[in-house]
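**Q** Below is the file target.csv, with CSV, C-alpha atoms.
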chain,number,residue,atom,x,y,z
A,1,MET,CA,-2.2,-54.7,-40.2
A,2,THR,CA,-1.0,-53.8,-43.7
A,3,SER,CA,1.9,-51.3,-44.2
A,4,HIS,CA,-0.6,-49.0,-46.0
A,5,HIS,CA,-2.7,-48.9,-42.8
A,6,GLN,CA,0.4,-48.3,-40.6
A,7,TYR,CA,1.5,-45.4,-42.7
A,8,SER,CA,-2.0,-43.9,-42.5
A,9,ILE,CA,-2.0,-44.0,-38.7
A,10,LEU,CA,1.5,-42.5,-38.6
A,11,PHE,CA,0.5,-39.7,-41.0
A,12,ALA,CA,-2.6,-38.9,-38.9
A,13,ILE,CA,-0.5,-38.8,-35.6
A,14,CYS,CA,2.1,-36.5,-37.2
A,15,THR,CA,-0.6,-34.2,-38.4
A,16,LEU,CA,-2.2,-34.1,-35.0
A,17,VAL,CA,1.1,-33.4,-33.2
A,18,VAL,CA,2.0,-30.6,-35.7
A,19,ALA,CA,-1.5,-29.1,-35.4
A,20,LEU,CA,-1.3,-29.1,-31.6
A,21,LEU,CA,2.1,-27.4,-31.6
A,22,VAL,CA,0.9,-24.7,-33.9
A,23,ALA,CA,-2.3,-24.3,-31.8
A,24,SER,CA,-0.5,-24.2,-28.5
A,25,PRO,CA,-0.2,-20.3,-28.3
A,26,ALA,CA,-3.9,-19.9,-28.8
A,27,LEU,CA,-4.7,-22.8,-26.4
A,28,SER,CA,-2.6,-21.3,-23.7
A,29,ARG,CA,-4.6,-18.0,-23.9
A,30,LEU,CA,-8.0,-19.5,-24.3
A,31,LEU,CA,-7.8,-22.4,-21.9
A,32,VAL,CA,-7.2,-20.4,-18.7
A,33,PHE,CA,-8.7,-21.5,-15.4
A,34,PRO,CA,-10.7,-18.6,-13.9
A,35,ARG,CA,-9.5,-17.3,-10.6
A,36,ASN,CA,-12.0,-17.8,-7.8
A,37,GLU,CA,-10.0,-16.8,-4.7
A,38,PHE,CA,-9.4,-13.1,-4.1
A,39,PHE,CA,-7.7,-12.0,-1.0
A,40,THR,CA,-4.9,-10.0,0.6
A,41,GLU,CA,-2.0,-11.3,2.6
A,42,LEU,CA,-0.5,-9.3,5.5
A,43,TRP,CA,2.5,-10.5,7.4
A,44,ILE,CA,5.2,-9.3,9.8
A,45,LEU,CA,8.7,-10.9,9.9
A,46,ASP,CA,11.6,-10.5,12.2
A,47,SER,CA,14.9,-8.8,11.2
A,48,ASN,CA,16.1,-12.1,9.5
A,49,HIS,CA,12.9,-12.4,7.4
A,50,ALA,CA,11.8,-15.3,9.6
A,51,THR,CA,9.2,-15.9,12.2
A,52,GLN,CA,11.3,-16.9,15.2
A,53,ASN,CA,13.0,-13.8,16.5
A,54,TYR,CA,10.3,-11.1,16.9
A,55,PRO,CA,11.2,-8.3,19.3
A,56,PHE,CA,9.6,-8.9,22.7
A,57,ASN,CA,11.7,-7.6,25.6
A,58,ILE,CA,12.1,-3.9,24.8
A,59,THR,CA,15.0,-1.9,26.0
A,60,LEU,CA,14.8,1.9,26.3
A,61,ASN,CA,15.8,3.7,23.1
A,62,ARG,CA,17.1,0.6,21.4
A,63,ASP,CA,16.3,0.1,17.7
A,64,TYR,CA,14.3,-3.0,16.7
A,65,ASN,CA,13.8,-4.1,13.0
A,66,VAL,CA,10.9,-6.0,11.5
A,67,PHE,CA,9.5,-6.3,8.0
A,68,LEU,CA,5.8,-5.6,7.2
A,69,GLY,CA,4.6,-7.3,4.0
A,70,ILE,CA,1.5,-7.1,1.9
A,71,ALA,CA,0.6,-9.3,-1.1
A,72,ASN,CA,-2.3,-8.4,-3.3
A,73,HIS,CA,-4.4,-11.2,-4.8
A,74,LEU,CA,-7.6,-9.2,-5.4
A,75,GLY,CA,-7.5,-9.1,-9.2
A,76,TYR,CA,-6.8,-5.4,-9.4
A,77,SER,CA,-4.3,-2.9,-8.1
A,78,ALA,CA,-5.2,-1.9,-4.5
A,79,TYR,CA,-4.5,1.2,-2.4
A,80,TYR,CA,-3.8,0.0,1.1
A,81,LEU,CA,-3.3,2.0,4.3
A,82,VAL,CA,-1.7,0.4,7.3
A,83,GLU,CA,-2.7,2.1,10.5
A,84,VAL,CA,0.0,1.8,13.2
A,85,LYS,CA,-1.5,1.7,16.7
A,86,LEU,CA,-0.3,1.0,20.2
A,87,ARG,CA,-2.4,-0.3,23.0
A,88,ASN,CA,-2.0,-1.3,26.6
A,89,GLN,CA,-4.1,-4.1,28.1
A,90,THR,CA,-7.1,-2.0,28.9
A,91,GLN,CA,-7.4,-0.3,25.5
A,92,SER,CA,-9.4,-1.3,22.4
A,93,ALA,CA,-8.0,-4.1,20.2
A,94,PRO,CA,-9.0,-5.3,16.7
A,95,ASN,CA,-11.3,-8.3,16.8
A,96,SER,CA,-10.8,-11.2,14.4
A,97,PHE,CA,-14.2,-12.7,15.2
A,98,SER,CA,-16.3,-9.7,14.7
A,99,HIS,CA,-13.9,-8.3,12.0
A,100,THR,CA,-13.7,-4.9,13.6
A,101,SER,CA,-10.8,-2.6,13.9
A,102,SER,CA,-9.5,-1.0,17.1
A,103,THR,CA,-11.2,2.3,18.0
A,104,LEU,CA,-7.8,3.8,18.9
A,105,PRO,CA,-6.6,6.6,16.6
A,106,PRO,CA,-3.7,5.7,14.5
A,107,LEU,CA,-0.2,6.9,15.5
A,108,PHE,CA,0.9,6.8,11.9
A,109,ASN,CA,-0.3,5.7,8.4
A,110,ILE,CA,1.8,3.6,6.0
A,111,THR,CA,0.7,3.9,2.4
A,112,ALA,CA,1.1,0.9,0.1
A,113,ILE,CA,-0.2,0.8,-3.4
A,114,VAL,CA,0.3,-2.7,-4.7
A,115,ALA,CA,-0.4,-4.1,-8.2
A,116,ASP,CA,-2.4,-7.3,-8.7
A,117,GLU,CA,-0.3,-10.3,-7.8
A,118,GLY,CA,2.3,-7.9,-6.4
A,119,ILE,CA,4.1,-7.8,-3.1
A,120,ARG,CA,5.2,-4.8,-1.1
A,121,GLU,CA,7.5,-5.2,1.9
A,122,GLN,CA,8.3,-2.3,4.2
A,123,PRO,CA,11.2,-2.4,6.6
A,124,LEU,CA,10.3,-0.9,9.9
A,125,THR,CA,12.7,0.3,12.6
A,126,PHE,CA,11.2,1.3,15.9
A,127,SER,CA,12.4,2.3,19.4
A,128,PHE,CA,10.6,3.4,22.5
A,129,GLY,CA,11.4,6.1,25.0
A,130,TYR,CA,9.8,5.5,28.4
A,131,GLN,CA,10.2,5.8,32.1
A,132,HIS,CA,9.3,3.6,35.0
A,133,ASN,CA,7.1,5.1,37.7
A,134,GLU,CA,7.8,2.9,40.7
A,135,LEU,CA,5.3,4.6,42.9
A,136,LEU,CA,2.3,3.8,40.6
A,137,SER,CA,4.0,0.6,39.3
A,138,GLN,CA,3.6,1.6,35.7
A,139,VAL,CA,5.6,2.5,32.6
A,140,GLU,CA,5.0,5.9,31.1
A,141,LEU,CA,5.6,6.0,27.4
A,142,ASN,CA,7.3,9.2,26.2
A,143,SER,CA,8.1,8.5,22.6
A,144,LEU,CA,8.0,6.0,19.7
A,145,MET,CA,10.3,6.5,16.8
A,146,LEU,CA,9.2,4.6,13.7
A,147,ASN,CA,11.6,4.8,10.8
A,148,HIS,CA,13.2,7.9,12.3
A,149,VAL,CA,9.8,9.6,12.6
A,150,GLY,CA,8.7,10.6,16.1
A,151,LEU,CA,5.1,9.7,17.0
A,152,ASP,CA,2.9,11.2,19.6
A,153,LEU,CA,2.1,8.5,22.2
A,154,MET,CA,-0.5,10.7,23.9
A,155,ASN,CA,0.8,10.0,27.4
A,156,ASN,CA,0.1,6.3,27.2
A,157,THR,CA,0.9,4.3,30.3
A,158,ILE,CA,1.3,0.6,30.8
A,159,ALA,CA,0.4,-1.0,34.1
A,160,TRP,CA,2.3,-3.9,35.6
A,161,ASN,CA,0.8,-7.3,34.8
A,162,PRO,CA,1.5,-9.4,37.9
A,163,GLY,CA,0.2,-12.6,36.3
A,164,LYS,CA,2.7,-12.5,33.4
A,165,SER,CA,5.3,-10.3,35.2
A,166,GLU,CA,5.6,-7.8,32.4
A,167,PHE,CA,4.7,-4.3,31.3
A,168,ARG,CA,2.9,-5.4,28.2
A,169,CYS,CA,1.7,-3.5,25.3
A,170,ASP,CA,0.8,-4.4,21.7
A,171,LEU,CA,2.2,-2.5,18.7
A,172,PHE,CA,-0.2,-3.5,15.9
A,173,PHE,CA,-0.8,-2.8,12.2
A,174,GLU,CA,-4.3,-2.7,10.8
A,175,LEU,CA,-4.8,-3.0,7.1
A,176,TRP,CA,-7.3,-0.7,5.5
A,177,ILE,CA,-8.2,-0.6,1.8
A,178,TYR,CA,-9.4,2.3,-0.4
A,179,ASP,CA,-13.0,1.7,-1.7
A,180,THR,CA,-13.5,3.5,-5.0
A,181,THR,CA,-17.3,3.3,-4.6
A,182,THR,CA,-17.4,5.2,-1.3
A,183,ASN,CA,-14.1,7.1,-2.0
A,184,SER,CA,-12.9,6.3,1.5
A,185,PHE,CA,-10.8,3.7,3.3
A,186,LYS,CA,-12.5,0.7,5.0
A,187,TYR,CA,-11.0,-1.8,7.4
A,188,HIS,CA,-9.8,-4.8,5.4
A,189,GLU,CA,-10.3,-7.2,8.4
A,190,ARG,CA,-6.6,-8.0,8.8
A,191,TYR,CA,-4.0,-7.0,11.3
A,192,VAL,CA,-0.7,-8.2,12.7
A,193,SER,CA,0.7,-7.3,16.0
A,194,LEU,CA,3.8,-7.4,18.1
A,195,ARG,CA,3.5,-8.2,21.8
A,196,LEU,CA,6.1,-6.2,23.7
A,197,ASN,CA,7.3,-6.1,27.2
A,198,MET,CA,8.9,-2.8,28.4
A,199,THR,CA,11.9,-3.9,30.5
A,200,VAL,CA,12.8,-1.7,33.4
B,1,MET,CA,-4.3,73.9,35.1
B,2,SER,CA,-2.4,75.8,32.4
B,3,GLN,CA,-2.9,75.2,28.7
B,4,ARG,CA,0.5,73.9,28.3
B,5,SER,CA,0.3,71.3,31.1
B,6,PHE,CA,-3.1,70.2,29.8
B,7,THR,CA,-1.7,69.6,26.3
B,8,SER,CA,1.3,67.6,27.8
B,9,ILE,CA,-1.1,65.4,29.8
B,10,VAL,CA,-3.3,64.7,26.8
B,11,SER,CA,-0.2,64.0,24.6
B,12,ALA,CA,1.2,61.6,27.2
B,13,LEU,CA,-2.2,59.8,27.4
B,14,VAL,CA,-2.4,59.4,23.6
B,15,ILE,CA,1.2,58.1,23.5
B,16,ILE,CA,0.5,55.5,26.3
B,17,SER,CA,-2.7,54.4,24.5
B,18,LEU,CA,-0.9,53.9,21.2
B,19,CYS,CA,1.9,52.0,22.9
B,20,SER,CA,-0.6,49.6,24.5
B,21,LEU,CA,-2.3,48.9,21.1
B,22,VAL,CA,1.0,47.8,19.4
B,23,PRO,CA,1.5,44.5,21.4
B,24,ALA,CA,-2.2,43.6,20.9
B,25,SER,CA,-2.0,44.1,17.2
B,26,ASN,CA,1.2,42.0,17.1
B,27,VAL,CA,-0.5,39.1,18.9
B,28,LYS,CA,-3.4,39.4,16.5
B,29,ALA,CA,-1.0,39.4,13.5
B,30,SER,CA,0.8,36.3,14.7
B,31,GLN,CA,-2.5,34.5,15.4
B,32,ASN,CA,-3.5,35.3,11.8
B,33,THR,CA,-0.2,33.9,10.6
B,34,VAL,CA,-0.8,30.6,12.5
B,35,VAL,CA,-4.3,30.3,11.2
B,36,SER,CA,-3.1,31.0,7.7
B,37,ALA,CA,-0.3,28.4,8.0
B,38,GLU,CA,-2.8,25.8,9.3
B,39,LEU,CA,-5.2,26.5,6.4
B,40,ASP,CA,-2.4,26.3,3.9
B,41,ALA,CA,-1.2,23.0,5.3
B,42,ARG,CA,-4.7,21.6,5.4
B,43,SER,CA,-5.3,22.7,1.8
B,44,ALA,CA,-2.0,21.2,0.6
B,45,ILE,CA,-2.7,17.9,2.3
B,46,ALA,CA,-6.2,17.7,0.9
B,47,VAL,CA,-5.0,18.4,-2.6
B,48,ALA,CA,-2.2,15.9,-2.2
B,49,GLU,CA,-4.7,13.2,-1.0
B,50,GLN,CA,-7.0,13.8,-3.9
B,51,ARG,CA,-4.0,13.7,-6.4
B,52,ILE,CA,-2.9,10.4,-5.0
B,53,VAL,CA,-6.3,8.9,-5.5
B,54,VAL,CA,-6.4,10.1,-9.1
B,55,CYS,CA,-2.9,8.7,-9.7
B,56,TYR,CA,-3.9,5.4,-8.1
B,57,GLN,CA,-6.9,5.1,-10.4
B,58,ALA,CA,-4.6,5.9,-13.4
B,59,VAL,CA,-2.1,3.2,-12.4
B,60,ALA,CA,-4.9,0.7,-11.7
B,61,ASP,CA,-6.2,1.2,-15.2
B,62,ALA,CA,-2.7,0.8,-16.7
B,63,ASP,CA,-2.2,-2.4,-14.6
B,64,ARG,CA,-5.5,-3.8,-15.8
B,65,ALA,CA,-4.4,-3.2,-19.4
B,66,GLY,CA,-1.3,-5.3,-18.7
B,67,ALA,CA,1.3,-2.5,-18.4
B,68,ASN,CA,4.4,-2.9,-16.3
B,69,THR,CA,3.6,-0.3,-13.6
B,70,SER,CA,6.5,-1.1,-11.2
B,71,THR,CA,8.2,2.3,-11.7
B,72,LEU,CA,5.0,4.2,-11.4
B,73,LEU,CA,4.1,2.3,-8.2
B,74,THR,CA,7.5,3.2,-6.7
B,75,VAL,CA,6.8,6.9,-7.3
B,76,LEU,CA,3.3,6.7,-6.0
B,77,ASN,CA,4.4,4.9,-2.8
B,78,GLU,CA,7.1,7.6,-2.2
B,79,ALA,CA,4.4,10.2,-2.6
B,80,GLY,CA,2.2,8.3,-0.2
B,81,GLU,CA,5.0,8.3,2.4
B,82,SER,CA,5.4,12.1,2.0
B,83,LEU,CA,1.6,12.5,2.5
B,84,SER,CA,1.8,10.3,5.7
B,85,ARG,CA,4.5,12.6,7.1
B,86,ALA,CA,2.5,15.6,6.1
B,87,LYS,CA,-0.5,14.3,8.1
B,88,LEU,CA,1.6,13.5,11.1
B,89,ALA,CA,3.2,16.9,11.1
B,90,TYR,CA,-0.2,18.5,10.8
B,91,LYS,CA,-1.5,16.4,13.7
B,92,MET,CA,1.5,17.6,15.8
B,93,GLY,CA,0.9,21.2,15.0
B,94,ASP,CA,4.0,21.6,12.8
B,95,PHE,CA,2.1,23.3,9.9
B,96,ASP,CA,5.2,24.5,8.1
B,97,SER,CA,6.5,20.9,7.8
B,98,ALA,CA,3.0,19.7,6.9
B,99,LEU,CA,2.8,22.2,4.1
B,100,SER,CA,6.3,21.3,2.9
B,101,TYR,CA,5.5,17.6,2.8
B,102,GLY,CA,2.1,18.2,1.2
B,103,LEU,CA,3.7,20.2,-1.6
B,104,GLU,CA,6.4,17.6,-2.0
B,105,THR,CA,3.7,15.0,-2.5
B,106,GLN,CA,2.1,17.0,-5.2
B,107,THR,CA,5.5,17.7,-6.9
B,108,LYS,CA,6.3,14.0,-7.0
B,109,LEU,CA,3.1,13.3,-8.9
B,110,ASP,CA,3.6,15.9,-11.6
B,111,GLY,CA,3.1,14.2,-15.0
B,112,PHE,CA,2.1,10.9,-13.3
B,113,VAL,CA,-1.3,10.5,-14.9
B,114,GLU,CA,0.1,11.2,-18.4
B,115,SER,CA,2.8,8.6,-17.9
B,116,ALA,CA,0.3,6.1,-16.7
B,117,ASP,CA,-2.1,6.8,-19.6
B,118,SER,CA,0.8,6.4,-22.1
B,119,LEU,CA,1.8,3.1,-20.5
B,120,ARG,CA,-1.8,1.9,-20.7
B,121,ALA,CA,-2.1,2.9,-24.4
B,122,THR,CA,1.1,1.0,-25.2
B,123,ALA,CA,0.0,-2.0,-23.3
B,124,ILE,CA,-3.4,-2.1,-25.1
B,125,GLN,CA,-1.6,-1.9,-28.5
B,126,GLN,CA,0.8,-4.6,-27.5
B,127,HIS,CA,-2.1,-6.8,-26.3
B,128,ASN,CA,-3.9,-6.4,-29.6
B,129,TRP,CA,-0.7,-7.3,-31.6
B,130,ASP,CA,-0.2,-10.2,-29.3
B,131,PHE,CA,-3.7,-11.4,-29.8
B,132,MET,CA,-3.4,-11.1,-33.6
B,133,ILE,CA,-0.2,-13.1,-33.8
B,134,ASN,CA,-0.6,-15.6,-31.0
B,135,VAL,CA,-4.3,-16.4,-31.1
B,136,VAL,CA,-5.6,-15.5,-34.6
B,137,GLY,CA,-2.3,-16.6,-36.3
B,138,SER,CA,-2.2,-19.8,-34.3
B,139,ILE,CA,-5.8,-20.7,-35.2
B,140,VAL,CA,-5.1,-19.9,-38.9
B,141,GLY,CA,-1.9,-21.9,-38.8
B,142,THR,CA,-3.7,-24.9,-37.3
B,143,ILE,CA,-6.4,-24.8,-39.9
B,144,ALA,CA,-3.7,-24.6,-42.6
B,145,VAL,CA,-1.9,-27.6,-41.2
B,146,ILE,CA,-5.1,-29.7,-41.2
B,147,CYS,CA,-6.0,-28.6,-44.8
B,148,VAL,CA,-2.5,-29.2,-46.2
B,149,SER,CA,-2.3,-32.6,-44.5
B,150,SER,CA,-5.8,-33.5,-45.9
B,151,VAL,CA,-4.7,-32.5,-49.4
B,152,VAL,CA,-1.4,-34.4,-49.1
B,153,TRP,CA,-3.4,-37.4,-47.8
B,154,ILE,CA,-5.8,-37.4,-50.7
B,155,ILE,CA,-3.0,-37.1,-53.3
B,156,LEU,CA,-1.0,-39.9,-51.7
B,157,LYS,CA,-4.0,-42.2,-51.5
B,158,LYS,CA,-4.9,-41.7,-55.2
B,159,ARG,CA,-1.3,-42.4,-56.1
B,160,VAL,CA,-1.3,-45.6,-54.0
B,161,LEU,CA,-4.6,-46.7,-55.6
B,162,ARG,CA,-3.3,-46.1,-59.1
B,163,LEU,CA,-0.2,-48.1,-58.3
B,164,GLU,CA,-2.2,-51.0,-56.9
B,165,ALA,CA,-4.5,-50.9,-60.0
Just give me the structure of the file as structure tokens.

**A**
Amino acid sequence: MTSHHQYSILFAICTLVVALLVASPALSRLLVFPRNEFFTELWILDSNHATQNYPFNITLNRDYNVFLGIANHLGYSAYYLVEVKLRNQTQSAPNSFSHTSSTLPPLFNITAIVADEGIREQPLTFSFGYQHNELLSQVELNSLMLNHVGLDLMNNTIAWNPGKSEFRCDLFFELWIYDTTTNSFKYHERYVSLRLNMTV
Amino acid sequence: MSQRSFTSIVSALVIISLCSLVPASNVKASQNTVVSAELDARSAIAVAEQRIVVCYQAVADADRAGANTSTLLTVLNEAGESLSRAKLAYKMGDFDSALSYGLETQTKLDGFVESADSLRATAIQQHNWDFMINVVGSIVGTIAVICVSSVVWIILKKRVLRLEA
């Protein structure tokens, strides 16, 4: 290969490299892979931001801390509503298979407006007031404090579960999203729950 | 019965009747107050709800335009928390607190839409500048590099051919 030919190749390569460098800002904006997965994440973490130490055995009037998180990957800012509900073992629960929410009325609503690709994490502190009815072998729930707000438990009772030896209830959080076409909230087919045992 | 005793009896009866009406009117007045408080609370909550929706749409538009809406979202979420407390208070029959929280929600959102619209306008302008500089400028620069390289290549080649000749 003659030196003339070598210099030609070197000149062409240098021109190509400089052209690519100059074109890189435009290429980074034009060559964007389209997003094809749109979803919302909903999670609950323990007081250490982990998944190992969720509250389970509940003591009367003691505070328990968890973190409720929402991440928005819908491609637009979303207006979420988290409905806080409490159920015993005989009451309606949300269903993951039929994608339906519980028919129980919410005790409280947590509002979360999250930008696209944004995350909102809400610390929650809750405590229960209850009393043990030995005669009927049940726990009568008097109060639920959530972030220092007293919620009406509507005389909820929890029967003794002899199989699992516990007074079990579920504190769960359903995710609803504002639909701008119907101007109302619809169930976003996601929930997280805490399984709790009222110790007596 | 003498005229005087008859007058006394009638006067006593009128006084007794008037006295029995006073507690009834007080009860009715307090019932009206409660109904009025409930209506005021319900109205404040409804207005606050509607305002949050309008503000959400404004912040969504700003976010779509590429604006940094983190400050606005903090304010909006705080307003949402006040609204939740208003609804809870209303549900529990504490209409005064419900009204207070409802009004607090509305106050927090004063000037919100204007701020969101301003951020959106700034973001659109910035996006246009960014497009002009980064995309159009980059394409023009690339074409210029190729053209200048081609001219230099032609000049150098002619010089080499002349030297060889």

**Q** Tell me, in Å to one decimal, how far atom CA of Arg195 of chain A is from atom CA of Ile177 of chain A.

**A**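 Computing it gives 24.4 Å between the two atoms.
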
**Q** Mind listing as a ChimeraX atom specification which residues of chain A are within 9 Å of chain B, counting all atoms listed in the file?

**A** /A:4,8,11-12,15-16,18-27,29-30,75-79,107-116,149,151-152,178,180,183

**Q** Show me, as a list in words, the residues that have an atom within 12 Å of Tyr130 of chain A when counting all atoms listed in the file, minus same-chain residues fewer than 4 positions from it.

**A** Ile58, Thr59, Leu60, Asn61, Arg62, Gln138, Val139, Glu140, Leu141, Asn142, Ser143, Leu144, Met145, Leu153, Asn155, Asn156, Thr157, Ile158, Phe167, Asn197, Met198, Thr199 and Val200 of chain A

**Q** If we count only C-alpha atoms, what is near Leu146 of chain A at a cut-off of 10 Å, once residues fewer than 6 positions away on the same chain are taken out, given as number ranges by chain?

**A** A: 63-65, 84, 107-108, 124-128

**Q** How far is it from atom CA of Tyr90 of chain B to atom CA of Leu72 of chain B, in Å with one decimal?

**A** 26.9 Å

**Q** Report, in Å with one decimal, the straight-line distance from atom CA of Asn95 of chain A to atom CA of Leu42 of chain A.

**A**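 So the two atoms, atom CA of Asn95 of chain A and atom CA of Leu42 of chain A, lie 15.7 Å apart.
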
**Q** Choose the residue, out of B:Ser100, B:Ala65, B:Val34, B:Ser8, that has the smallest atom-to-atom separation from Arg120 of chain B; count all atoms listed in the file.

**A** B:Ala65

**Q** Once you count all atoms listed in the file, which residues end up no further than 12 Å from (-4.2, 3.6, -23.6) in the file's frame, shown as a PyMOL selection string?

**A** chain B and resi 58-59+61-67+113-128

**Q** Check the smallest atom-to-atom distance from each of A:Trp176, A:Phe38, A:Tyr7, A:Phe97 to His73 of chain A using only C-alpha atoms, then report the winner.

**A**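 Closest to His73 of chain A of all the choices is A:Phe38.
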